[in-house]
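Quick look at model12.cif (mmCIF, C-alpha atoms):
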data_run
loop_
_atom_site.label_atom_id
_atom_site.label_comp_id
_atom_site.auth_asym_id
_atom_site.auth_seq_id
_atom_site.Cartn_x
_atom_site.Cartn_y
_atom_site.Cartn_z
CA MET A 1 57.49 85.19 -32.22
CA LEU A 2 55.41 83.84 -35.04
CA THR A 3 52.83 85.91 -36.86
CA LEU A 4 49.91 84.81 -39.01
CA PRO A 5 51.52 86.03 -42.29
CA LYS A 6 54.75 84.23 -41.45
CA ILE A 7 52.88 80.97 -40.87
CA LYS A 8 50.82 81.34 -44.06
CA ASN A 9 53.95 82.06 -46.11
CA ALA A 10 55.91 79.08 -44.74
CA LYS A 11 56.30 76.84 -47.80
CA PRO A 12 57.10 73.12 -47.64
CA THR A 13 60.54 71.88 -48.67
CA GLY A 14 62.01 68.46 -49.24
CA ARG A 15 62.60 68.06 -45.51
CA PRO A 16 60.56 69.04 -42.42
CA TYR A 17 61.67 72.22 -40.64
CA LYS A 18 60.60 74.21 -37.57
CA LEU A 19 59.55 77.79 -36.98
CA ALA A 20 60.17 78.91 -33.39
CA ASP A 21 57.59 80.91 -31.44
CA GLY A 22 59.44 81.02 -28.11
CA GLN A 23 59.59 79.28 -24.73
CA GLY A 24 59.73 75.86 -26.33
CA LEU A 25 56.81 76.28 -28.75
CA THR A 26 57.54 75.57 -32.45
CA LEU A 27 55.56 75.01 -35.62
CA LEU A 28 56.67 71.96 -37.63
CA VAL A 29 56.29 72.37 -41.41
CA LYS A 30 56.21 68.98 -43.17
CA PRO A 31 57.10 68.22 -46.82
CA ASP A 32 53.43 67.69 -47.63
CA GLY A 33 52.59 71.20 -46.40
CA ALA A 34 50.97 70.12 -43.10
CA LYS A 35 51.80 72.37 -40.13
CA SER A 36 51.60 71.19 -36.50
CA TRP A 37 52.41 72.66 -33.11
CA ARG A 38 55.12 71.14 -30.90
CA PHE A 39 56.25 71.99 -27.38
CA ARG A 40 59.66 70.82 -26.21
CA TYR A 41 60.59 70.79 -22.54
CA ARG A 42 62.81 69.05 -20.02
CA TYR A 43 61.49 67.03 -17.09
CA GLY A 44 63.57 64.90 -14.73
CA GLY A 45 66.69 65.67 -16.75
CA LYS A 46 65.15 64.32 -19.98
CA GLU A 47 63.86 66.14 -23.03
CA ASN A 48 60.21 65.53 -23.89
CA MET A 49 57.80 66.76 -26.53
CA LEU A 50 54.05 67.46 -26.60
CA GLY A 51 51.88 67.96 -29.67
CA PHE A 52 49.21 70.64 -29.51
CA GLY A 53 47.43 69.89 -32.77
CA SER A 54 47.57 71.18 -36.33
CA TRP A 55 47.38 74.70 -37.67
CA PRO A 56 44.97 76.27 -38.60
CA GLU A 57 42.64 74.04 -36.48
CA VAL A 58 44.66 75.24 -33.48
CA SER A 59 45.40 78.95 -33.72
CA ILE A 60 48.56 80.73 -32.52
CA ALA A 61 46.72 82.00 -29.43
CA GLU A 62 45.40 78.52 -28.56
CA ALA A 63 48.84 76.95 -29.01
CA ARG A 64 50.37 79.54 -26.69
CA GLU A 65 47.65 78.90 -24.08
CA GLN A 66 48.47 75.19 -24.11
CA ARG A 67 52.20 75.99 -23.86
CA ASP A 68 51.64 78.29 -20.88
CA ALA A 69 49.48 75.66 -19.15
CA ALA A 70 52.20 73.02 -19.68
CA ARG A 71 54.85 75.38 -18.28
CA ALA A 72 52.66 75.97 -15.22
CA GLN A 73 52.50 72.19 -14.68
CA LEU A 74 56.28 72.00 -14.90
CA ARG A 75 56.63 74.72 -12.26
CA SER A 76 54.37 72.60 -10.01
CA GLY A 77 56.55 69.54 -10.55
CA VAL A 78 54.09 67.79 -12.91
CA ASP A 79 55.09 66.17 -16.19
CA PRO A 80 52.65 67.58 -18.82
CA ALA A 81 52.89 64.43 -20.98
CA GLY A 82 52.24 62.18 -17.99
CA ALA A 83 49.27 64.30 -16.92
CA ARG A 84 47.86 64.09 -20.45
CA ARG A 85 48.18 60.27 -20.44
CA GLU A 86 46.39 60.06 -17.09
CA THR A 87 43.58 62.26 -18.38
CA ARG A 88 43.25 60.11 -21.52
CA VAL A 89 43.15 56.89 -19.48
CA ALA A 90 40.59 58.37 -17.10
CA ARG A 91 38.47 59.43 -20.08
CA GLU A 92 38.69 55.95 -21.62
CA LEU A 93 37.75 54.33 -18.31
CA ALA A 94 34.81 56.70 -17.96
CA SER A 95 33.58 55.86 -21.46
CA ALA A 96 33.88 52.14 -20.68
CA ASN A 97 31.97 52.68 -17.45
CA THR A 98 29.03 54.65 -18.77
CA PHE A 99 25.52 53.89 -17.53
CA GLU A 100 24.79 52.20 -20.86
CA ALA A 101 27.88 49.97 -20.59
CA VAL A 102 26.90 48.85 -17.08
CA ALA A 103 23.29 48.34 -18.21
CA ASP A 104 24.52 46.07 -21.03
CA ASP A 105 26.63 44.15 -18.51
CA TRP A 106 23.62 43.79 -16.20
CA ILE A 107 21.45 42.46 -19.04
CA GLU A 108 24.10 39.95 -20.16
CA THR A 109 24.57 38.77 -16.56
CA ASN A 110 20.85 38.01 -16.25
CA ARG A 111 20.14 36.87 -19.83
CA ALA A 112 20.14 33.16 -18.92
CA LYS A 113 17.10 33.55 -16.65
CA TRP A 114 15.15 35.84 -19.00
CA SER A 115 13.35 35.10 -22.25
CA GLU A 116 14.44 36.92 -25.41
CA GLY A 117 11.15 38.78 -25.34
CA GLN A 118 11.84 40.00 -21.81
CA VAL A 119 15.35 41.09 -22.77
CA GLU A 120 13.96 43.04 -25.71
CA ARG A 121 11.30 44.71 -23.53
CA ILE A 122 13.93 45.78 -20.99
CA ARG A 123 16.23 47.16 -23.69
CA SER A 124 13.37 49.05 -25.31
CA SER A 125 12.33 50.52 -21.97
CA LEU A 126 15.87 51.70 -21.22
CA LYS A 127 16.34 53.16 -24.71
CA ARG A 128 13.08 55.06 -24.51
CA ASP A 129 13.07 56.27 -20.90
CA VAL A 130 16.62 56.22 -19.48
CA PHE A 131 19.34 56.27 -22.14
CA PRO A 132 18.45 59.67 -23.65
CA ALA A 133 19.54 61.28 -20.36
CA LEU A 134 22.06 58.85 -18.87
CA ALA A 135 23.47 56.51 -21.55
CA LYS A 136 26.82 58.27 -22.05
CA ARG A 137 27.23 59.55 -18.51
CA PRO A 138 29.97 57.88 -16.41
CA ILE A 139 27.91 55.86 -13.94
CA ALA A 140 30.05 56.99 -11.00
CA GLU A 141 29.13 60.64 -11.69
CA ILE A 142 25.34 60.26 -11.93
CA THR A 143 23.53 62.06 -9.12
CA PRO A 144 20.22 61.26 -7.39
CA ALA A 145 18.81 64.44 -8.97
CA GLU A 146 19.49 63.05 -12.45
CA VAL A 147 17.83 59.76 -11.54
CA LEU A 148 14.77 61.59 -10.19
CA GLU A 149 14.52 63.68 -13.35
CA VAL A 150 14.36 60.51 -15.47
CA ILE A 151 11.56 59.13 -13.27
CA ARG A 152 9.57 62.37 -13.34
CA LYS A 153 9.65 62.47 -17.15
CA VAL A 154 8.07 59.02 -17.30
CA GLU A 155 5.51 60.05 -14.66
CA LYS A 156 4.50 63.07 -16.73
CA ARG A 157 3.28 60.67 -19.42
CA ASP A 158 1.00 59.23 -16.72
CA ALA A 159 2.87 55.94 -17.24
CA LEU A 160 3.07 55.18 -13.52
CA GLU A 161 3.53 51.42 -13.89
CA GLN A 162 6.37 52.03 -16.35
CA ALA A 163 7.91 54.60 -14.01
CA THR A 164 7.97 51.99 -11.24
CA ARG A 165 9.71 49.53 -13.56
CA VAL A 166 12.25 52.21 -14.52
CA VAL A 167 13.10 52.70 -10.83
CA GLN A 168 13.52 48.95 -10.38
CA ARG A 169 15.74 48.59 -13.44
CA MET A 170 17.92 51.59 -12.63
CA THR A 171 18.33 50.30 -9.07
CA ALA A 172 19.49 46.93 -10.41
CA ILE A 173 21.90 48.54 -12.89
CA PHE A 174 23.48 50.78 -10.26
CA ALA A 175 23.74 47.75 -7.95
CA ARG A 176 25.70 46.01 -10.72
CA GLY A 177 27.93 49.09 -10.92
CA VAL A 178 28.59 48.96 -7.18
CA GLN A 179 29.29 45.22 -7.29
CA THR A 180 31.84 45.65 -10.10
CA LEU A 181 33.46 48.71 -8.46
CA ARG A 182 32.36 51.07 -11.23
CA CYS A 183 30.37 53.36 -8.97
CA PRO A 184 30.58 53.97 -5.22
CA THR A 185 26.86 54.26 -4.38
CA ASN A 186 23.42 53.42 -5.75
CA PRO A 187 21.54 56.71 -6.25
CA ALA A 188 18.42 54.91 -7.52
CA ARG A 189 18.01 52.83 -4.36
CA GLU A 190 16.70 55.84 -2.45
CA MET A 191 14.06 56.43 -5.13
CA ARG A 192 11.97 53.40 -4.18
CA GLY A 193 8.49 54.63 -3.39
CA VAL A 194 9.01 57.97 -5.12
CA VAL A 195 6.54 57.14 -7.91
CA LYS A 196 3.08 58.36 -6.98
CA LYS A 197 0.55 55.66 -6.22
CA TYR A 198 -2.13 54.72 -8.69
CA ARG A 199 -5.30 52.74 -8.58
CA VAL A 200 -5.01 49.39 -10.33
CA GLN A 201 -7.41 49.20 -13.24
CA HIS A 202 -8.05 45.97 -15.07
CA ARG A 203 -7.96 46.09 -18.83
CA PRO A 204 -11.45 46.69 -20.22
CA SER A 205 -13.05 43.50 -21.49
CA LEU A 206 -16.11 42.94 -23.65
CA PRO A 207 -19.15 41.36 -21.95
CA ALA A 208 -20.26 38.17 -23.70
CA ASP A 209 -23.68 39.67 -24.52
CA LYS A 210 -21.90 42.39 -26.54
CA LEU A 211 -20.13 39.83 -28.74
CA PRO A 212 -22.74 39.79 -31.55
CA GLU A 213 -22.32 43.54 -32.12
CA PHE A 214 -18.54 43.26 -31.87
CA LEU A 215 -18.31 40.32 -34.29
CA LYS A 216 -20.52 42.09 -36.83
CA LYS A 217 -18.25 45.16 -36.68
CA MET A 218 -15.23 42.90 -36.95
CA ASP A 219 -16.61 41.29 -40.12
CA ASP A 220 -17.73 44.59 -41.65
CA THR A 221 -14.59 46.64 -40.90
CA GLY A 222 -11.78 46.56 -43.43
CA ALA A 223 -8.41 45.15 -42.38
CA ASP A 224 -5.76 42.98 -43.99
CA ALA A 225 -6.20 39.22 -43.70
CA VAL A 226 -3.28 38.76 -41.30
CA THR A 227 -4.55 41.36 -38.81
CA LYS A 228 -8.07 39.93 -38.89
CA ALA A 229 -6.77 36.40 -38.40
CA ALA A 230 -4.55 37.51 -35.50
CA LEU A 231 -7.48 39.05 -33.64
CA GLN A 232 -9.60 35.98 -34.37
CA LEU A 233 -6.92 33.61 -33.02
CA ILE A 234 -6.47 35.71 -29.87
CA ILE A 235 -10.21 35.47 -29.22
CA LEU A 236 -10.48 31.75 -30.04
CA THR A 237 -7.44 30.55 -28.08
CA GLY A 238 -7.60 32.73 -24.96
CA CYS A 239 -3.84 33.30 -25.30
CA ARG A 240 -1.99 36.49 -24.48
CA VAL A 241 -1.48 38.95 -27.32
CA ASN A 242 2.30 38.56 -27.71
CA GLU A 243 2.09 34.77 -27.41
CA VAL A 244 -0.10 34.79 -30.52
CA LEU A 245 1.48 37.61 -32.54
CA GLN A 246 5.02 36.18 -32.26
CA GLY A 247 3.90 32.69 -33.31
CA ASN A 248 5.82 30.66 -35.88
CA TRP A 249 4.46 28.02 -38.23
CA SER A 250 7.00 25.55 -36.82
CA GLU A 251 4.90 25.55 -33.61
CA ILE A 252 1.68 24.59 -35.40
CA ASP A 253 0.51 21.03 -36.10
CA LEU A 254 -2.65 21.49 -38.15
CA ASP A 255 -3.23 17.73 -38.49
CA ALA A 256 -3.19 17.31 -34.71
CA ALA A 257 -4.94 20.69 -34.26
CA LEU A 258 -2.32 21.74 -31.72
CA TRP A 259 -0.20 24.84 -31.16
CA ARG A 260 2.93 24.31 -29.03
CA ILE A 261 4.08 27.70 -27.70
CA PRO A 262 7.69 27.49 -26.39
CA ALA A 263 8.61 28.46 -22.83
CA GLU A 264 10.62 31.54 -23.83
CA ARG A 265 7.46 33.24 -25.14
CA MET A 266 5.30 32.40 -22.14
CA LYS A 267 4.88 34.73 -19.16
CA MET A 268 5.46 31.86 -16.71
CA GLN A 269 8.43 30.50 -18.67
CA ARG A 270 6.76 27.14 -19.27
CA PRO A 271 5.80 25.66 -22.66
CA HIS A 272 2.08 25.81 -23.34
CA ASP A 273 0.08 23.49 -25.59
CA VAL A 274 -3.00 25.11 -27.13
CA PRO A 275 -5.67 22.78 -28.57
CA LEU A 276 -7.04 24.36 -31.73
CA SER A 277 -10.75 24.43 -32.41
CA GLU A 278 -12.04 23.66 -35.89
CA GLN A 279 -12.56 27.39 -36.40
CA ALA A 280 -8.99 28.17 -35.32
CA VAL A 281 -7.58 25.58 -37.73
CA GLU A 282 -9.71 27.04 -40.53
CA ALA A 283 -8.44 30.57 -39.77
CA LEU A 284 -4.82 29.39 -39.79
CA LYS A 285 -5.23 27.50 -43.06
CA ALA A 286 -6.69 30.63 -44.66
CA ILE A 287 -3.53 32.69 -43.98
CA GLN A 288 -0.94 29.93 -44.39
CA PRO A 289 -0.27 30.92 -48.03
CA LEU A 290 0.72 34.39 -46.78
CA ALA A 291 3.61 33.08 -44.68
CA GLY A 292 6.95 34.60 -45.57
CA LYS A 293 10.42 33.06 -45.57
CA HIS A 294 10.83 33.74 -41.85
CA GLY A 295 8.03 31.34 -40.89
CA LEU A 296 6.00 33.92 -38.97
CA ILE A 297 2.29 33.22 -38.69
CA PHE A 298 1.43 36.92 -38.63
CA PRO A 299 4.19 38.67 -40.62
CA SER A 300 4.32 42.45 -40.70
CA PRO A 301 3.83 43.96 -44.18
CA MET A 302 5.99 46.92 -43.13
CA LYS A 303 8.96 45.22 -41.39
CA PRO A 304 10.15 41.99 -43.04
CA GLY A 305 11.20 39.39 -40.50
CA HIS A 306 8.99 40.91 -37.77
CA PRO A 307 5.44 40.02 -36.71
CA ILE A 308 2.66 42.58 -36.84
CA HIS A 309 2.67 44.96 -33.89
CA ASN A 310 0.00 45.12 -31.22
CA ASN A 311 -0.75 48.62 -32.50
CA ALA A 312 -2.16 47.08 -35.69
CA LEU A 313 -4.83 45.38 -33.59
CA LEU A 314 -5.51 48.54 -31.60
CA LEU A 315 -6.00 50.52 -34.83
CA TYR A 316 -8.35 47.78 -36.04
CA LEU A 317 -10.44 48.23 -32.86
CA ARG A 318 -10.45 52.01 -33.40
CA ARG A 319 -11.72 51.57 -36.97
CA MET A 320 -14.44 49.33 -35.56
CA GLY A 321 -15.52 52.26 -33.39
CA TYR A 322 -14.07 51.18 -30.04
CA GLU A 323 -12.23 54.10 -28.48
CA ALA A 324 -9.24 53.77 -26.18
CA GLY A 325 -10.24 52.56 -22.72
CA THR A 326 -13.45 50.82 -23.85
CA VAL A 327 -12.19 47.49 -25.23
CA THR A 328 -8.67 46.03 -25.30
CA VAL A 329 -7.35 43.02 -27.17
CA HIS A 330 -5.97 41.51 -23.95
CA GLY A 331 -9.43 41.89 -22.40
CA PHE A 332 -10.77 38.99 -24.49
CA ARG A 333 -9.02 36.63 -22.07
CA ALA A 334 -11.37 37.96 -19.38
CA THR A 335 -14.35 37.62 -21.73
CA PHE A 336 -13.44 33.98 -22.35
CA SER A 337 -12.82 33.30 -18.65
CA THR A 338 -16.13 34.86 -17.58
CA TRP A 339 -18.09 32.95 -20.21
CA ALA A 340 -16.35 29.65 -19.39
CA ASN A 341 -16.93 29.98 -15.64
CA GLU A 342 -20.57 31.01 -16.07
CA SER A 343 -21.07 28.09 -18.47
CA GLY A 344 -20.09 25.58 -15.78
CA HIS A 345 -16.68 24.48 -17.07
CA ASP A 346 -14.09 23.07 -14.66
CA PRO A 347 -12.11 26.01 -13.17
CA ASP A 348 -8.86 24.00 -13.38
CA VAL A 349 -9.41 23.51 -17.11
CA ILE A 350 -10.17 27.21 -17.58
CA GLU A 351 -7.02 28.25 -15.70
CA ARG A 352 -4.92 25.81 -17.74
CA CYS A 353 -6.35 27.30 -20.96
CA LEU A 354 -5.28 30.73 -19.72
CA ALA A 355 -1.81 29.36 -18.77
CA HIS A 356 -2.23 30.71 -15.25
CA GLN A 357 0.08 29.54 -12.49
CA ASP A 358 -1.62 28.05 -9.42
CA LYS A 359 -1.14 30.42 -6.47
CA ASN A 360 -0.88 27.45 -4.09
CA ALA A 361 2.78 26.37 -4.26
CA VAL A 362 2.11 22.79 -3.07
CA ARG A 363 -0.80 22.32 -5.43
CA ARG A 364 1.28 23.84 -8.24
CA ALA A 365 4.10 21.37 -7.59
CA TYR A 366 1.88 18.30 -7.72
CA ASN A 367 -0.81 19.28 -10.19
CA ARG A 368 0.84 18.51 -13.50
CA ALA A 369 -2.40 17.62 -15.29
CA GLN A 370 -2.55 19.15 -18.72
CA HIS A 371 -6.32 18.63 -19.13
CA LEU A 372 -5.57 18.60 -22.86
CA GLU A 373 -8.75 16.89 -24.05
CA ASP A 374 -10.89 18.81 -21.57
CA ARG A 375 -9.28 22.03 -22.81
CA ARG A 376 -9.92 20.96 -26.40
CA LYS A 377 -13.63 20.51 -25.62
CA LEU A 378 -13.79 23.85 -23.78
CA LEU A 379 -12.12 25.79 -26.59
CA GLN A 380 -14.34 24.08 -29.17
CA ASP A 381 -17.43 25.03 -27.13
CA TRP A 382 -16.09 28.60 -26.98
CA ALA A 383 -15.51 28.70 -30.75
CA ASN A 384 -19.03 27.35 -31.36
CA PHE A 385 -20.40 30.01 -29.02
CA ILE A 386 -18.52 32.68 -31.00
CA ASP A 387 -20.00 31.34 -34.25
CA ALA A 388 -23.47 31.33 -32.77
CA GLN A 389 -23.05 34.91 -31.59
CA ARG A 390 -21.89 35.88 -35.06
CA LYS A 391 -25.05 34.38 -36.53
CA GLY A 392 -27.24 35.92 -33.84
CA ALA A 393 -28.47 32.63 -32.35
CA GLU A 394 -29.36 32.32 -28.67
CA VAL A 395 -26.94 30.07 -26.82
CA ILE A 396 -28.07 28.60 -23.48
CA PRO A 397 -25.22 28.34 -20.93
CA ILE A 398 -24.24 24.79 -20.03
CA ARG A 399 -25.03 25.29 -16.32
CA ARG A 400 -28.57 26.43 -17.14
CA ALA A 401 -29.07 23.46 -19.46
CA LYS A 402 -28.11 21.04 -16.68
CA ARG A 403 -30.73 22.53 -14.43
#

How would this structure read if it were set down as structure tokens?
Amino acid sequence: MLTLPKIKNAKPTGRPYKLADGQGLTLLVKPDGAKSWRFRYRYGGKENMLGFGSWPEVSIAEAREQRDAARAQLRSGVDPAGARRETRVARELASANTFEAVADDWIETNRAKWSEGQVERIRSSLKRDVFPALAKRPIAEITPAEVLEVIRKVEKRDALEQATRVVQRMTAIFARGVQTLRCPTNPAREMRGVVKKYRVQHRPSLPADKLPEFLKKMDDTGADAVTKAALQLIILTGCRVNEVLQGNWSEIDLDAALWRIPAERMKMQRPHDVPLSEQAVEALKAIQPLAGKHGLIFPSPMKPGHPIHNNALLLYLRRMGYEAGTVTVHGFRATFSTWANESGHDPDVIERCLAHQDKNAVRRAYNRAQHLEDRRKLLQDWANFIDAQRKGAEVIPIRRAKR
């Protein structure tokens, strides 16, 4: 039997040689001084060999344990080399069929019907809430308890809407696994309804009569030109936050005073033309010299090639003195809508400005009117109202004037 001193004193020669330990286990000493464990055995009348790793990474005791385990397999009629190959293949299959691999497959399968923004939101959600626990787990081995634990962690953040989305996405991913024979059941399917109910709360919006105070704070509070312009354009256009922040100068026609937002950035997956008021054109011209090589209207100063993040606007509101839950950037769409309706503007024109989809399917199919010039007049009236509020003038609503 080999001993530690004997192994340490085994010097390399011009040719490889073996040191026997017994029962088929040997240590191969190579000309370069490397020493590795080998186990020779016969199975089915043929001689085979297994490697157990290199010394000293694998000690004498560990090599003997592997030898004894291989001999036990032989006594049971199992080929140790064949069993090792099967284990390796099973491990490779498991790594190819992890939850993350199936999630990627699910995303690619559905990419054609999603916008790039939606794909990115789904990936970000999975990376934040699901992958830390399940990414590398073979999808066939994931239990309902593991799925529930993921959901509960999101719930603990009081992110109930996000927790519901996580359930929906995990259910779809496991369904893809079942469809492609990579897992036998869908453990997330039984979790529908597990997220505790919550009361729907609309995002806080600013009443129109509070605009003078808000606009004064907006003018007096320090912020970089791009952030200020972004908030101003969100207010003036009535567009959603991401529709504005991800804008590119290639979408803007300043001469025609028109912003053409492509379908992939719109919630309803339809292109949206935004007439630009004189004030909006002026705001865009002021920041045009700041455009970088990527063509972004609102480029991030921290991440080249990316637009500013919504958090930049939220921090701007905080510096203005508006705490979380009092005013939101998205809420200015409601401020605009309320003002426009109370001012007597055509509801169809208002809804088109907001890029809302008609709830009546028949009406939606036949009402293709863009109301472009009517929307241009409405948004110009809104911009003039904003200017008047900034200057502190009293503006009489259109409906009252008609009376």

### Task
Please evaluate the PyMOL selection byres ((chain A and resi 297) around 10) against the displayed coordinates and give the resulting residues as a PyMOL selection string.
chain A and resi 226+229-230+244-252+284+287-292+294-296+298-300+307-308

### Message
Quick check on the file I pasted: which residues fall under the PyMOL selection byres ((chain A and resi 84) around 12)? Write them as an MDAnalysis selection string.
### Response
chainID A and resid 49:52 66 69:70 73 78:83 85:91

### Message
Residue by residue, what does the PyMOL selection byres ((chain A and resi 37) around 7) grab here? Present the result as JSON, numbers by chain.
### Response
{"A": [26, 27, 28, 36, 38, 39, 51, 52, 53, 54, 63]}

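For the pair CA of Leu276 in chain A and CA of Lys391 in chain A, the separation is 21.2 Å.
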
### Query
What's the 12 Å shell around Gln162 in chain A, counting only C-alpha atoms, without same-chain residues fewer than 4 positions away, as JSON, numbers by chain?
{"A": [121, 122, 124, 125, 126, 128, 129, 130, 150, 151, 152, 153, 154, 155, 156, 157, 158, 166, 167, 168, 169, 195, 196, 198]}

Output of the above residues as a short mmCIF file (atom, residue, chain, number, x, y, z; two decimals), keeping the file's coordinate frame, restricted to C-alpha atoms:
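This is the output file selection22.cif:
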data_model
loop_
_atom_site.label_atom_id
_atom_site.label_comp_id
_atom_site.auth_asym_id
_atom_site.auth_seq_id
_atom_site.Cartn_x
_atom_site.Cartn_y
_atom_site.Cartn_z
CA ARG A 121 11.30 44.71 -23.53
CA ILE A 122 13.93 45.78 -20.99
CA SER A 124 13.37 49.05 -25.31
CA SER A 125 12.33 50.52 -21.97
CA LEU A 126 15.87 51.70 -21.22
CA ARG A 128 13.08 55.06 -24.51
CA ASP A 129 13.07 56.27 -20.90
CA VAL A 130 16.62 56.22 -19.48
CA VAL A 150 14.36 60.51 -15.47
CA ILE A 151 11.56 59.13 -13.27
CA ARG A 152 9.57 62.37 -13.34
CA LYS A 153 9.65 62.47 -17.15
CA VAL A 154 8.07 59.02 -17.30
CA GLU A 155 5.51 60.05 -14.66
CA LYS A 156 4.50 63.07 -16.73
CA ARG A 157 3.28 60.67 -19.42
CA ASP A 158 1.00 59.23 -16.72
CA VAL A 166 12.25 52.21 -14.52
CA VAL A 167 13.10 52.70 -10.83
CA GLN A 168 13.52 48.95 -10.38
CA ARG A 169 15.74 48.59 -13.44
CA VAL A 195 6.54 57.14 -7.91
CA LYS A 196 3.08 58.36 -6.98
CA TYR A 198 -2.13 54.72 -8.69
#

### Task
Tell me, in Å to one decimal, how far CA of Asp374 in chain A is from CA of Ala283 in chain A.
21.8 Å

### Message
List as a list in words the protein and nucleic acid residues near Lys30 in chain A, meaning an atom at most 10 Å away when all atoms listed in the file are counted, but skip any in the same chain fewer than 4 places from it.
### Response
Lys11, Pro12, Thr13, Gly14, Arg15, Pro16, Tyr17, Lys18, Ala34, Lys35 and Ser36 of chain A

Generate a file of the selected residues that holds C-alpha atoms, formatted as an mmCIF file, in the frame of the given file.
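again_2.cif, freshly written:
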data_model
loop_
_atom_site.group_PDB
_atom_site.id
_atom_site.type_symbol
_atom_site.label_atom_id
_atom_site.label_comp_id
_atom_site.auth_asym_id
_atom_site.auth_seq_id
_atom_site.Cartn_x
_atom_site.Cartn_y
_atom_site.Cartn_z
ATOM 1 C CA LYS A 11 56.300 76.840 -47.800
ATOM 2 C CA PRO A 12 57.100 73.120 -47.640
ATOM 3 C CA THR A 13 60.540 71.880 -48.670
ATOM 4 C CA GLY A 14 62.010 68.460 -49.240
ATOM 5 C CA ARG A 15 62.600 68.060 -45.510
ATOM 6 C CA PRO A 16 60.560 69.040 -42.420
ATOM 7 C CA TYR A 17 61.670 72.220 -40.640
ATOM 8 C CA LYS A 18 60.600 74.210 -37.570
ATOM 9 C CA ALA A 34 50.970 70.120 -43.100
ATOM 10 C CA LYS A 35 51.800 72.370 -40.130
ATOM 11 C CA SER A 36 51.600 71.190 -36.500
#

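Counting all atoms listed in the file, the residue from A:Leu254, A:Ala225, A:Met266, A:Ala188 that sits nearest to Asn242 in chain A is A:Met266.
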
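Here the question is which of A:Asp21, A:Glu149, A:Asp346, A:Glu65 gets nearest to Leu378 in chain A using only C-alpha atoms, and that residue is A:Asp346.
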
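Minimum atom-to-atom distances from A:Gly177, A:Met302, A:Val241, A:Ala334 to Lys267 in chain A were compared using all atoms listed in the file, and the lowest value belongs to A:Val241.
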
### Message
As an exercise, work out the distance from CA of Glu282 in chain A to CA of Asn384 in chain A in Å and give it to one decimal place.
### Response
13.1 Å

### Message
From (-16.8, 40.9, -22.7), in the file's coordinates, out to 8 Å: which residues are reached, counting all atoms listed in the file? Answer as a PyMOL selection string.
### Response
chain A and resi 205-211+331-332+334-336+338

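Nearest-residue note for His345 in chain A: choosing from A:Met218, A:Leu148, A:Ala135, A:Arg375, the minimum distance belongs to A:Arg375, counting only C-alpha atoms.
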
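Take the candidates A:Asp32, A:Leu236, A:Met1, A:Val194 and check each one against Leu19 in chain A using only C-alpha atoms; the shortest distance goes to A:Met1.
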
### Query
Can you list, as a ChimeraX atom specification, every protein, DNA or RNA residue that comes within 12 Å of Glu108 in chain A when you count all atoms listed in the file, leaving out same-chain residues fewer than 6 positions away?
/A:101-102,114-116,119-120,122-123,173,176

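Distance check against Ala175 in chain A using all atoms listed in the file: of A:Ala112, A:Ala103, A:Leu215, A:Val147, the minimum falls on A:Ala103.
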
For range 208-218 of chain A, where the input has fewer atoms than it should, I would like N, CA and C atoms rebuilt and written as a tab-separated table (two decimals), in the coordinates of the input.
chain	number	residue	atom	x	y	z
A	208	ALA	N	-19.89	39.17	-22.69
A	208	ALA	CA	-20.26	38.17	-23.70
A	208	ALA	C	-21.51	38.58	-24.48
A	209	ASP	N	-22.45	39.30	-23.81
A	209	ASP	CA	-23.68	39.67	-24.52
A	209	ASP	C	-23.45	40.77	-25.55
A	210	LYS	N	-22.24	41.37	-25.54
A	210	LYS	CA	-21.90	42.39	-26.54
A	210	LYS	C	-21.14	41.78	-27.73
A	211	LEU	N	-20.89	40.48	-27.67
A	211	LEU	CA	-20.13	39.83	-28.74
A	211	LEU	C	-20.80	39.92	-30.11
A	212	PRO	N	-22.14	39.71	-30.21
A	212	PRO	CA	-22.74	39.79	-31.55
A	212	PRO	C	-22.45	41.10	-32.26
A	213	GLU	N	-22.59	42.23	-31.54
A	213	GLU	CA	-22.32	43.54	-32.12
A	213	GLU	C	-20.84	43.66	-32.50
A	214	PHE	N	-19.97	43.18	-31.61
A	214	PHE	CA	-18.54	43.26	-31.87
A	214	PHE	C	-18.17	42.44	-33.10
A	215	LEU	N	-18.67	41.22	-33.19
A	215	LEU	CA	-18.31	40.32	-34.29
A	215	LEU	C	-18.82	40.87	-35.62
A	216	LYS	N	-20.00	41.49	-35.59
A	216	LYS	CA	-20.52	42.09	-36.83
A	216	LYS	C	-19.61	43.22	-37.29
A	217	LYS	N	-19.18	44.08	-36.33
A	217	LYS	CA	-18.25	45.16	-36.68
A	217	LYS	C	-16.93	44.61	-37.17
A	218	MET	N	-16.49	43.53	-36.56
A	218	MET	CA	-15.23	42.90	-36.95
A	218	MET	C	-15.30	42.40	-38.39
